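Here's the structure we're looking at; comments come further down.
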Amino acid sequence: MVKPGLEARQAAAKLLAAVVDKKTPLDGLLDPSGGNPAFRNLEPADQALVRAILLSALRQLPVIEAMLARLVNRPLPGGARALSHVLTVGAAQILYLDTPDHAAVDLAVEQASRDPRNRRYTALVNAVLRRLIREKSGLLPQMEAKTVNAPPWFYERLQEAYGADADKILAAQALAPPIDITVKSDPRGWAERLGGIFLPTGSVRLRPFEGPITQLPGFAEGEWWVQDAAASIPAQLFGNLAGVRVADLCAAPGGKTAQLVAAGARVTAVDLSRNRLRRLAENLDRLKLEAEIVQTDLLKWRPDEAFDAVLLDAPCSSTGTVRRHPDIPWTKSPADIDKLSELQERMLRHAVTLIRPGGMVVFSNCSLDPREGENMVERVLSSLPEISRKPVETIGLQGLEFAITASGDVRTHPAMLECETPQLSGMDGFFASVLMRMG
Ligand SMILES: C[S@@+](CC[C@H](N)C(=O)[O-])C[C@H]1O[C@@H](n2cnc3c(N)ncnc32)[C@H](O)[C@@H]1O
């Protein structure tokens, strides 16, 4: 007979190993249909628990590891990764979740005793986690204060780009983000109706709510969609879109397509991924918005007629979304960033060929790394005399001037946009630049 809750802990340790040791993205592992069978085969309540354990463990991994290192009398034997994951899963519950302490310890001990790699360490697991329970209140603040809560490459890149703000960004990333929605119209009215906060991007920030988001007023009627406040900025940079022909080049799942259509543009939504385009079509359907949909590799796409405007929300390292995807610092690397930056440059060089003279391209992505944003755009601009930057003067409503850079691009990061509490503050890291073809 398997102890209730054991399979969830086993799945959590297994998936943690896949993320940290094999650099497998968490989203794929947790996919309801194509995800890892250890997760897929669990009951919904256990799946929710595994997700919560993994999000906490990955958000706080260096802090948890520092705590455990302090409590283990001798360093763990080299190569004892399986043991380390069992301890991390136990510690994440004891430190950050409301699992009863004794259940977290009992299940970690049981888990160790059933795994031939860990069987001989059951006494150690028991002793370390019990010590953690006794000492956590004194030790946690100490360790939080002196641990850099990210892998070294990630912190170095943040320091290089953001200086002293690097630490604020790490602190913001350790919190689960609030949910923002973009509404078709009347954001102030919807903020009131949903008890949310009206943001300067024109988005509504939801306060914590019970039950599924699909049950909130306005969802079924297609009045709004989930979109981080920062992600709503790029599509707003075109200005008046009534009747304008726009190609949305990396469109799926369609958050920005919906904004463009709702603003009155005639949109062609292009994406390489058939599955993601299916989601885009479903999303537009629910929102009662229409766009032409083209499934192709944008690098090979040569439409007959030039567009008035192009949005290129390019694939990127997504390092601006670590609040939601805390696996990213553990699964991505500087080499990935270099590769993505090259791809983005090729995409941008192609995108600017698709607009008419006087037309506009907005390039954006959710990376925090200037190699995928500021630096790449400078490189393209310096080699294409017919393309120039149109400096951004205002974003959305008043109150977002802090996000406009000296060169006139948009740069946001998770330590920006302070609201009532740290839990209700922050926004994704985004970069956006507006370029024009000379008329
Ligand atoms: C950051 S996501 C876009 C998010 C979308 N703009 C939104 O707001 O919902 C990047 C998209 O680029 C697409 N993509 C990647 N390479 C592509 C290519 N060569 N041609 C077209 N689309 C591509 C991916 O399938 C993915 O959907």
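Residue numbering restarts at 1 in every chain; chains get A, B, ... in the order shown in the structure tokens, and ligands count up from 1 in that same order.
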
Would you mind listing what lies within 7 Å of segment 162-172 of chain A as a ChimeraX atom specification, with only C-alpha atoms counted and same-chain residues fewer than 5 positions away left out? /A:149,414-415,426

Please produce an output containing C-alpha atoms for each residue in the selection, written as a PDB file, in the first residue's frame.
```pdb
ATOM      1  CA  ASN A 149      18.985  33.477  -5.090  1.00  0.00           C
ATOM      2  CA  PRO A 414      10.032  42.644 -12.389  1.00  0.00           C
ATOM      3  CA  ALA A 415      11.081  45.208  -9.761  1.00  0.00           C
ATOM      4  CA  GLY A 426       5.982  44.004 -10.367  1.00  0.00           C
TER       5      GLY A 426
END
```

Spatial neighbours of Gly358 of chain A, 10 Å, only C-alpha atoms, chain gap at least 3 places, as a JSON list (two decimals) with N, CA and C atoms, in the first residue's frame:
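That gives us part-v3.json:
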```json
[["chain", "number", "residue", "atom", "x", "y", "z"],
["A", 308, "ASP", "N", 1.23, 48.06, -43.44],
["A", 308, "ASP", "CA", 1.41, 49.38, -42.81],
["A", 308, "ASP", "C", 2.28, 49.23, -41.56],
["A", 309, "ALA", "N", 2.14, 48.09, -40.92],
["A", 309, "ALA", "CA", 2.85, 47.91, -39.65],
["A", 309, "ALA", "C", 3.10, 46.44, -39.39],
["A", 355, "ILE", "N", 7.34, 46.00, -44.56],
["A", 355, "ILE", "CA", 6.52, 47.22, -44.40],
["A", 355, "ILE", "C", 6.73, 48.19, -45.56],
["A", 387, "ILE", "N", 16.25, 52.36, -42.27],
["A", 387, "ILE", "CA", 15.42, 52.11, -41.08],
["A", 387, "ILE", "C", 15.92, 53.00, -39.94],
["A", 435, "LEU", "N", 10.58, 50.92, -34.83],
["A", 435, "LEU", "CA", 11.43, 51.27, -35.97],
["A", 435, "LEU", "C", 10.56, 51.71, -37.14],
["A", 436, "MET", "N", 11.13, 52.58, -37.99],
["A", 436, "MET", "CA", 10.34, 53.07, -39.15],
["A", 436, "MET", "C", 11.15, 52.94, -40.43],
["A", 437, "ARG", "N", 10.46, 52.65, -41.53],
["A", 437, "ARG", "CA", 11.11, 52.67, -42.84],
["A", 437, "ARG", "C", 10.93, 54.08, -43.41],
["A", 438, "MET", "N", 12.04, 54.69, -43.83],
["A", 438, "MET", "CA", 11.95, 56.06, -44.35],
["A", 438, "MET", "C", 10.96, 56.12, -45.52],
["A", 439, "GLY", "N", 10.18, 57.21, -45.55],
["A", 439, "GLY", "CA", 9.16, 57.35, -46.58],
["A", 439, "GLY", "C", 9.75, 57.83, -47.91]]
```

Could you report the residues within 10 Å of ligand 1, using only C-alpha atoms and all ligand atoms, as a ChimeraX atom specification? /A:226-228,231-232,234-235,248-259,269-277,279-280,283,294-301,311-318,343-344,346-347,364-367

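For Gln60 of chain A, the non-local neighbours within 9 Å, defined as residues at least 2 positions apart in the same chain or in other chains and counting only C-alpha atoms, are Leu55, Ser56, Ala57, Leu58, Pro62, Val63, Ile64, Glu65, Ala92, Asn149, Ala150, Ala174 and Pro326 of chain A.
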
Filtered DSSP result for segment 20-102 of chain A, state helix (DSSP H, G or I), as a ChimeraX atom specification: /A:20-22,26-29,37-40,44-59,61-71,81-96,101-102

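Proximity to segment 114-124 of chain A at 6 Å, evaluated using only C-alpha atoms and with sequence-adjacent residues fewer than 4 positions away removed, yields Leu83, Val109 and Val128 of chain A.
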
For Val105 of chain A, which residue among A:Gly196, A:Pro422, A:Gly5, A:Gly396 is the nearest when counting only C-alpha atoms? A:Gly5

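Comparing the minimum interatomic distances between Leu384 of chain A and each of A:His350, A:Arg245, A:Lys146, A:His413, counting only C-alpha atoms, we find that A:His350 sits nearest.
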
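Distances to Val246 of chain A were evaluated for A:Ala91, A:Ala66, A:Val322, A:Val362 using only C-alpha atoms, and the minimum falls at A:Val362.
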
List every residue of segment 149-223 of chain A that DSSP, applied to the backbone of this structure, assigns to strand (DSSP E), and report them as an MDAnalysis selection string. chainID A and resid 180:183 197:198 204:205

Please produce a file of those selected residues containing N, CA and C atoms, as an mmCIF file, in the first residue's frame.
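Result file again20.cif:
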```cif
data_model
loop_
_atom_site.group_PDB
_atom_site.id
_atom_site.type_symbol
_atom_site.label_atom_id
_atom_site.label_comp_id
_atom_site.auth_asym_id
_atom_site.auth_seq_id
_atom_site.Cartn_x
_atom_site.Cartn_y
_atom_site.Cartn_z
ATOM 1 N N ASP A 180 -2.657 39.713 -14.296
ATOM 2 C CA ASP A 180 -3.185 40.909 -14.963
ATOM 3 C C ASP A 180 -4.069 40.481 -16.125
ATOM 4 N N ILE A 181 -5.072 41.290 -16.396
ATOM 5 C CA ILE A 181 -5.898 41.027 -17.580
ATOM 6 C C ILE A 181 -5.953 42.276 -18.458
ATOM 7 N N THR A 182 -6.120 42.044 -19.752
ATOM 8 C CA THR A 182 -6.357 43.142 -20.686
ATOM 9 C C THR A 182 -7.822 43.050 -21.086
ATOM 10 N N VAL A 183 -8.515 44.189 -21.041
ATOM 11 C CA VAL A 183 -9.945 44.168 -21.343
ATOM 12 C C VAL A 183 -10.180 44.809 -22.706
ATOM 13 N N ILE A 197 -7.084 46.211 -9.517
ATOM 14 C CA ILE A 197 -6.354 47.486 -9.505
ATOM 15 C C ILE A 197 -6.184 47.939 -10.950
ATOM 16 N N PHE A 198 -6.536 49.182 -11.217
ATOM 17 C CA PHE A 198 -6.377 49.737 -12.557
ATOM 18 C C PHE A 198 -4.921 50.179 -12.716
ATOM 19 N N VAL A 204 -5.874 45.506 -15.907
ATOM 20 C CA VAL A 204 -6.468 45.372 -14.572
ATOM 21 C C VAL A 204 -5.703 44.281 -13.838
ATOM 22 N N ARG A 205 -5.215 44.598 -12.643
ATOM 23 C CA ARG A 205 -4.503 43.602 -11.825
ATOM 24 C C ARG A 205 -5.487 42.988 -10.847
#
```

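Atom CA of Val410 of chain A lies 13.8 Å from atom CA of Glu378 of chain A.
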
Mind checking which residues fall within 12 Å of Met376 of chain A, counting only C-alpha atoms, ignoring those fewer than 4 positions away in the same chain, and posting them as a compact mmCIF listing (two decimals) with N, CA and C atoms, in the first residue's frame?
```txt
# COMPACT_ATOMS: atom_id res chain seq x y z
N ILE A 337 21.21 32.31 -25.08
CA ILE A 337 20.91 33.73 -25.31
C ILE A 337 21.60 34.20 -26.59
N ASP A 338 22.84 33.78 -26.80
CA ASP A 338 23.54 34.16 -28.03
C ASP A 338 22.81 33.64 -29.27
N LYS A 339 22.36 32.38 -29.18
CA LYS A 339 21.68 31.78 -30.33
C LYS A 339 20.37 32.52 -30.62
N LEU A 340 19.62 32.82 -29.55
CA LEU A 340 18.33 33.49 -29.73
C LEU A 340 18.53 34.89 -30.28
N SER A 341 19.58 35.55 -29.81
CA SER A 341 19.83 36.90 -30.29
C SER A 341 20.13 36.89 -31.80
N GLU A 342 20.85 35.88 -32.26
CA GLU A 342 21.11 35.75 -33.71
C GLU A 342 19.81 35.53 -34.48
N LEU A 343 18.95 34.65 -33.93
CA LEU A 343 17.67 34.37 -34.60
C LEU A 343 16.82 35.63 -34.65
N GLN A 344 16.78 36.36 -33.53
CA GLN A 344 15.97 37.59 -33.48
C GLN A 344 16.47 38.59 -34.52
N GLU A 345 17.79 38.67 -34.67
CA GLU A 345 18.34 39.62 -35.64
C GLU A 345 17.90 39.24 -37.06
N ARG A 346 17.95 37.94 -37.37
CA ARG A 346 17.52 37.52 -38.71
C ARG A 346 16.04 37.84 -38.90
N MET A 347 15.25 37.60 -37.85
CA MET A 347 13.81 37.87 -37.94
C MET A 347 13.54 39.36 -38.14
N LEU A 348 14.26 40.19 -37.38
CA LEU A 348 14.03 41.63 -37.48
C LEU A 348 14.44 42.15 -38.86
N ARG A 349 15.57 41.65 -39.38
CA ARG A 349 16.01 42.09 -40.71
C ARG A 349 14.96 41.71 -41.76
N PHE A 363 9.45 45.84 -32.48
CA PHE A 363 10.14 44.60 -32.09
C PHE A 363 10.02 44.48 -30.58
N SER A 364 9.65 43.30 -30.10
CA SER A 364 9.58 43.14 -28.64
C SER A 364 9.94 41.72 -28.25
N ASN A 365 10.28 41.55 -26.99
CA ASN A 365 10.36 40.21 -26.40
C ASN A 365 10.44 40.33 -24.89
N ASP A 369 17.79 40.36 -21.10
CA ASP A 369 19.17 40.50 -21.53
C ASP A 369 19.30 41.46 -22.71
N PRO A 370 20.11 42.52 -22.58
CA PRO A 370 20.25 43.49 -23.68
C PRO A 370 20.76 42.86 -24.97
N ARG A 371 21.40 41.68 -24.87
CA ARG A 371 21.85 41.00 -26.10
C ARG A 371 20.66 40.62 -26.97
N GLU A 372 19.50 40.44 -26.35
CA GLU A 372 18.29 40.09 -27.11
C GLU A 372 17.42 41.32 -27.37
N VAL A 380 21.24 46.23 -35.82
CA VAL A 380 20.41 46.27 -37.03
C VAL A 380 20.32 47.71 -37.55
N LEU A 381 20.07 48.64 -36.63
CA LEU A 381 19.92 50.05 -37.05
C LEU A 381 21.20 50.57 -37.70
N SER A 382 22.35 50.19 -37.14
CA SER A 382 23.59 50.76 -37.66
C SER A 382 23.93 50.21 -39.05
N SER A 383 23.27 49.11 -39.46
CA SER A 383 23.60 48.55 -40.78
C SER A 383 22.51 48.81 -41.82
N PHE A 431 11.23 44.11 -23.46
CA PHE A 431 11.93 45.12 -24.25
C PHE A 431 11.06 45.42 -25.45
N ALA A 432 10.99 46.67 -25.85
CA ALA A 432 10.29 47.01 -27.10
C ALA A 432 10.95 48.21 -27.75
N SER A 433 11.03 48.14 -29.07
CA SER A 433 11.64 49.24 -29.82
C SER A 433 10.75 49.49 -31.05
```

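Atom CA of Ile213 of chain A is positioned 26.8 Å from atom CA of Arg9 of chain A.
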
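Interatomic distance, atom CA of Leu61 of chain A to atom CA of Lys23 of chain A: 14.5 Å.
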
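Distances to Glu160 of chain A were evaluated for A:Leu368, A:Thr201, A:Ile179, A:Arg193 using only C-alpha atoms, and the minimum falls at A:Leu368.
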
As a PDB file with C-alpha atoms, in the first residue's frame, please: the residues near Arg323 of chain A (cut-off 6 Å, only C-alpha atoms, same-chain neighbours under 2 positions excluded).
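Saved as result_30.pdb:
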```
ATOM      1  CA  GLN A 173      11.344  37.112  -8.944  1.00  0.00           C
ATOM      2  CA  ALA A 176       4.509  34.457  -7.358  1.00  0.00           C
ATOM      3  CA  PRO A 177       3.223  37.193  -9.694  1.00  0.00           C
ATOM      4  CA  THR A 321       9.077  35.886 -16.942  1.00  0.00           C
ATOM      5  CA  HIS A 325       8.643  30.294 -14.905  1.00  0.00           C
ATOM      6  CA  PRO A 326      11.264  29.884 -12.149  1.00  0.00           C
TER       7      PRO A 326
END
```

Ala13 of chain A: which residues within 6 Å, counting only C-alpha atoms, same-chain residues fewer than 3 positions away excluded, as a count of residues only? 4

Nearest to Val148 of chain A, restricted to only C-alpha atoms and choosing among A:Thr319, A:Met360, A:Asp304, A:Arg59, comes out as A:Arg59
